[in-house]
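The structure appears right after this line, and notes come after that.
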Amino acid sequence: CTFDSSKLSDMVSGIKYGGGGTAMMFGPDGTIIASPDLSQVQNSINVTTVGEGGIDNPSAADFYASVIAKVQKGERGYTEFGGNYCFYTGVEGSEGWTLFFNIPVALVTKEVTSVTLLFLIGGIFAIFLLGFIAIYIGQSIAKRVKKLDKVIQAVAENDFQVEISSKELNANDEIGAINRSMNAFVSGMRESLGQIQTEVSNLSTQAANSRSASGSLNEQASAQSASMDQIHEAMDGMSRSGEELAEHATNLAGAISDLTLKGDETGKTMQALV
């Protein structure tokens, strides 16, 4: 039993928090079965009794008795007593043993204060760091928004040769999405303008060809008009010649008629002479 108690006492002696605190183990009746003070184990001190074989503080005895009663009911937890935080729990597999650990409130408060101070310093540093990061991100976003604004202004002024950097086009955020949409719009407008320029060039070529063809047709019409005038003049000449021929024919017919009469008269004269 002494060996077992010594081993248990060594085990509970190693239970510390921040280098402080005391752990003990009680039997179901309140007898100390493990303690950093091995004499308490050897003398079978009972923490629930006052006087010989027990402790000197009646309030402490009542407190220990209440803790052991809670553990017997299967409870575990902590409470504050005598300026200490007291933690208690049952030992699994034992015959109602209680593992008890108490630590001065001041020691815990000191640790909490240190942790609080550490968190406070860390929080202040984090605030400055987050502020710096926020400023950096804000300036970065502002620069990108200004670049996007320049692109939009250029497009508004019908400048569709504006270029958007590949870095902005590959960005996986809202600004990148806007830049990709704007780039698609600018590319579409470039293509449309190119098609319009091609159509205008084709129409200009066709108009030039039409003007050339119109000039040729005008020249041909002028030539045909001149030919018609010549034909008209020739027809007039032919008409005048026909009239002259008709007149000559009439004169010739008259002359022939005169000759015929004269021939008849000559014939009569010859007959009379014969």
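Each chain in the structure tokens gets a letter, A, B, ..., in the order shown, and its residues are numbered from 1; ligands are numbered from 1 in order too.
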
Would you mind listing what lies within 12 Å of Ile55 (chain A) as an MDAnalysis selection string, with only C-alpha atoms counted and same-chain residues fewer than 5 positions away left out? chainID A and resid 30:32 40 43:50 60:64

Could you please write out, as a list in words, every residue of region 75-250 of chain A that DSSP assigns to strand (DSSP E or B)?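 Taking region 75-250 of chain A and keeping strand (DSSP E or B) gives Gly77, Tyr78, Thr79, Glu80, Phe81, Asn84, Tyr85, Cys86, Phe87, Tyr88, Thr89, Gly90, Thr98, Leu99, Phe100, Phe101, Asn102, Ile103 and Pro104 of chain A.
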
Only all heavy atoms, please: the residues just picked out, written as a short mmCIF file (atom, residue, chain, number, x, y, z; two decimals), in the first residue's frame.
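Saved result, selection-v1.cif, follows:
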```
data_model
loop_
_atom_site.label_atom_id
_atom_site.label_comp_id
_atom_site.auth_asym_id
_atom_site.auth_seq_id
_atom_site.Cartn_x
_atom_site.Cartn_y
_atom_site.Cartn_z
N GLY A 77 -16.05 19.43 -11.94
CA GLY A 77 -16.12 20.86 -12.16
C GLY A 77 -15.08 21.60 -11.36
O GLY A 77 -14.04 21.06 -11.01
N TYR A 78 -15.39 22.86 -11.07
CA TYR A 78 -14.47 23.66 -10.27
C TYR A 78 -15.27 24.67 -9.46
O TYR A 78 -16.42 24.99 -9.77
CB TYR A 78 -13.46 24.38 -11.17
CG TYR A 78 -13.98 25.61 -11.84
CD1 TYR A 78 -13.77 26.87 -11.28
CD2 TYR A 78 -14.73 25.53 -13.02
CE1 TYR A 78 -14.26 28.02 -11.87
CE2 TYR A 78 -15.23 26.67 -13.62
CZ TYR A 78 -14.99 27.92 -13.04
OH TYR A 78 -15.49 29.04 -13.62
N THR A 79 -14.63 25.15 -8.41
CA THR A 79 -15.23 26.15 -7.55
C THR A 79 -14.12 26.95 -6.90
O THR A 79 -12.93 26.64 -7.07
CB THR A 79 -16.12 25.50 -6.48
OG1 THR A 79 -16.81 26.53 -5.75
CG2 THR A 79 -15.29 24.67 -5.51
N GLU A 80 -14.48 27.99 -6.17
CA GLU A 80 -13.48 28.83 -5.52
C GLU A 80 -13.64 28.70 -4.01
O GLU A 80 -14.76 28.80 -3.46
CB GLU A 80 -13.66 30.29 -5.97
CG GLU A 80 -12.57 31.21 -5.45
CD GLU A 80 -12.72 32.63 -5.95
OE1 GLU A 80 -13.50 32.84 -6.92
OE2 GLU A 80 -12.05 33.54 -5.40
N PHE A 81 -12.53 28.50 -3.32
CA PHE A 81 -12.56 28.36 -1.86
C PHE A 81 -11.22 28.79 -1.28
O PHE A 81 -10.17 28.36 -1.74
CB PHE A 81 -12.85 26.90 -1.45
CG PHE A 81 -12.84 26.68 0.02
CD1 PHE A 81 -13.93 27.06 0.80
CD2 PHE A 81 -11.73 26.09 0.65
CE1 PHE A 81 -13.91 26.87 2.18
CE2 PHE A 81 -11.72 25.90 2.03
CZ PHE A 81 -12.81 26.29 2.80
N ASN A 84 -8.50 30.11 -3.53
CA ASN A 84 -7.98 29.15 -4.52
C ASN A 84 -9.09 28.75 -5.49
O ASN A 84 -10.28 28.70 -5.12
CB ASN A 84 -7.46 27.89 -3.82
CG ASN A 84 -6.26 28.17 -2.93
OD1 ASN A 84 -5.20 28.57 -3.39
ND2 ASN A 84 -6.45 27.96 -1.63
N TYR A 85 -8.68 28.46 -6.71
CA TYR A 85 -9.56 27.79 -7.65
C TYR A 85 -9.39 26.30 -7.42
O TYR A 85 -8.27 25.77 -7.44
CB TYR A 85 -9.20 28.13 -9.09
CG TYR A 85 -9.62 29.55 -9.51
CD1 TYR A 85 -8.69 30.45 -9.98
CD2 TYR A 85 -10.95 29.93 -9.42
CE1 TYR A 85 -9.06 31.73 -10.36
CE2 TYR A 85 -11.34 31.21 -9.79
CZ TYR A 85 -10.38 32.11 -10.26
OH TYR A 85 -10.77 33.38 -10.61
N CYS A 86 -10.50 25.58 -7.18
CA CYS A 86 -10.45 24.16 -6.86
C CYS A 86 -11.14 23.36 -7.96
O CYS A 86 -12.32 23.60 -8.27
CB CYS A 86 -11.13 23.90 -5.51
SG CYS A 86 -10.41 24.86 -4.16
N PHE A 87 -10.43 22.41 -8.55
CA PHE A 87 -10.95 21.56 -9.62
C PHE A 87 -11.08 20.14 -9.09
O PHE A 87 -10.19 19.66 -8.36
CB PHE A 87 -10.01 21.60 -10.82
CG PHE A 87 -9.81 22.99 -11.39
CD1 PHE A 87 -8.85 23.84 -10.83
CD2 PHE A 87 -10.57 23.42 -12.45
CE1 PHE A 87 -8.66 25.11 -11.34
CE2 PHE A 87 -10.38 24.69 -12.97
CZ PHE A 87 -9.44 25.55 -12.42
N TYR A 88 -12.13 19.46 -9.44
CA TYR A 88 -12.33 18.10 -8.92
C TYR A 88 -12.97 17.23 -10.00
O TYR A 88 -13.74 17.71 -10.84
CB TYR A 88 -13.22 18.13 -7.66
CG TYR A 88 -14.53 18.84 -7.86
CD1 TYR A 88 -15.66 18.18 -8.32
CD2 TYR A 88 -14.64 20.21 -7.57
CE1 TYR A 88 -16.86 18.85 -8.49
CE2 TYR A 88 -15.84 20.89 -7.75
CZ TYR A 88 -16.95 20.19 -8.21
OH TYR A 88 -18.14 20.86 -8.38
N THR A 89 -12.65 15.94 -9.95
CA THR A 89 -13.21 14.97 -10.87
C THR A 89 -13.00 13.58 -10.29
O THR A 89 -12.11 13.37 -9.44
CB THR A 89 -12.56 15.08 -12.26
OG1 THR A 89 -13.20 14.14 -13.14
CG2 THR A 89 -11.07 14.75 -12.20
N GLY A 90 -13.78 12.63 -10.73
CA GLY A 90 -13.61 11.26 -10.29
C GLY A 90 -12.50 10.57 -11.07
O GLY A 90 -12.16 10.97 -12.18
N THR A 98 -11.37 10.52 -5.63
CA THR A 98 -11.53 11.90 -6.10
C THR A 98 -10.16 12.51 -6.36
O THR A 98 -9.30 12.48 -5.48
CB THR A 98 -12.27 12.77 -5.07
OG1 THR A 98 -13.58 12.23 -4.86
CG2 THR A 98 -12.39 14.21 -5.54
N LEU A 99 -9.98 13.04 -7.57
CA LEU A 99 -8.76 13.79 -7.89
C LEU A 99 -9.07 15.26 -7.70
O LEU A 99 -9.99 15.81 -8.32
CB LEU A 99 -8.32 13.52 -9.33
CG LEU A 99 -7.08 14.28 -9.80
CD1 LEU A 99 -5.86 13.92 -8.95
CD2 LEU A 99 -6.79 14.00 -11.29
N PHE A 100 -8.30 15.90 -6.82
CA PHE A 100 -8.55 17.28 -6.43
C PHE A 100 -7.31 18.12 -6.72
O PHE A 100 -6.19 17.72 -6.42
CB PHE A 100 -8.89 17.33 -4.93
CG PHE A 100 -9.19 18.69 -4.40
CD1 PHE A 100 -10.45 19.24 -4.50
CD2 PHE A 100 -8.18 19.46 -3.80
CE1 PHE A 100 -10.72 20.51 -3.99
CE2 PHE A 100 -8.44 20.73 -3.31
CZ PHE A 100 -9.71 21.25 -3.41
N PHE A 101 -7.54 19.30 -7.31
CA PHE A 101 -6.43 20.20 -7.64
C PHE A 101 -6.84 21.62 -7.29
O PHE A 101 -7.91 22.09 -7.68
CB PHE A 101 -6.08 20.12 -9.13
CG PHE A 101 -4.98 21.06 -9.55
CD1 PHE A 101 -3.65 20.78 -9.25
CD2 PHE A 101 -5.26 22.23 -10.23
CE1 PHE A 101 -2.64 21.65 -9.62
CE2 PHE A 101 -4.25 23.10 -10.61
CZ PHE A 101 -2.93 22.81 -10.30
N ASN A 102 -6.01 22.28 -6.48
CA ASN A 102 -6.28 23.68 -6.15
C ASN A 102 -5.07 24.54 -6.49
O ASN A 102 -3.93 24.10 -6.41
CB ASN A 102 -6.66 23.83 -4.68
CG ASN A 102 -5.49 23.56 -3.76
OD1 ASN A 102 -4.65 22.72 -4.05
ND2 ASN A 102 -5.43 24.25 -2.64
N ILE A 103 -5.36 25.79 -6.91
CA ILE A 103 -4.31 26.72 -7.31
C ILE A 103 -4.72 28.11 -6.87
O ILE A 103 -5.92 28.48 -6.96
CB ILE A 103 -4.08 26.67 -8.84
CG1 ILE A 103 -2.93 27.60 -9.23
CG2 ILE A 103 -5.34 27.01 -9.62
CD1 ILE A 103 -2.50 27.43 -10.69
N PRO A 104 -3.81 28.91 -6.35
CA PRO A 104 -4.16 30.26 -5.89
C PRO A 104 -4.76 31.10 -7.02
O PRO A 104 -4.29 31.09 -8.16
CB PRO A 104 -2.83 30.83 -5.40
CG PRO A 104 -2.03 29.63 -5.02
CD PRO A 104 -2.42 28.57 -6.01
#
```

Quick one: DSSP alpha helix (DSSP H) residues in region 16-129 of chain A, as number ranges by chain? A: 38-42, 58-72, 105-129

What is the distance between CA of Val91 (chain A) and CA of Pro28 (chain A), in Å to one decimal? 10.9 Å

Which residues, written as a list of chain:residue names, have at least one atom at most 12 Å from region 133-145 of chain A, with only C-alpha atoms counted and residues fewer than 2 positions away on the same chain left out?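 Contacts, in chain order: A:Ala126, A:Ile127, A:Phe128, A:Leu129, A:Leu130, A:Gly131, A:Lys147, A:Leu148, A:Asp149, A:Lys150, A:Val151, A:Ile152, A:Ile164, A:Ser165, A:Lys167, A:Glu168, A:Leu169, A:Ala171, A:Asp173, A:Glu174, A:Ile175, A:Gly176, A:Ile178, A:Asn179.
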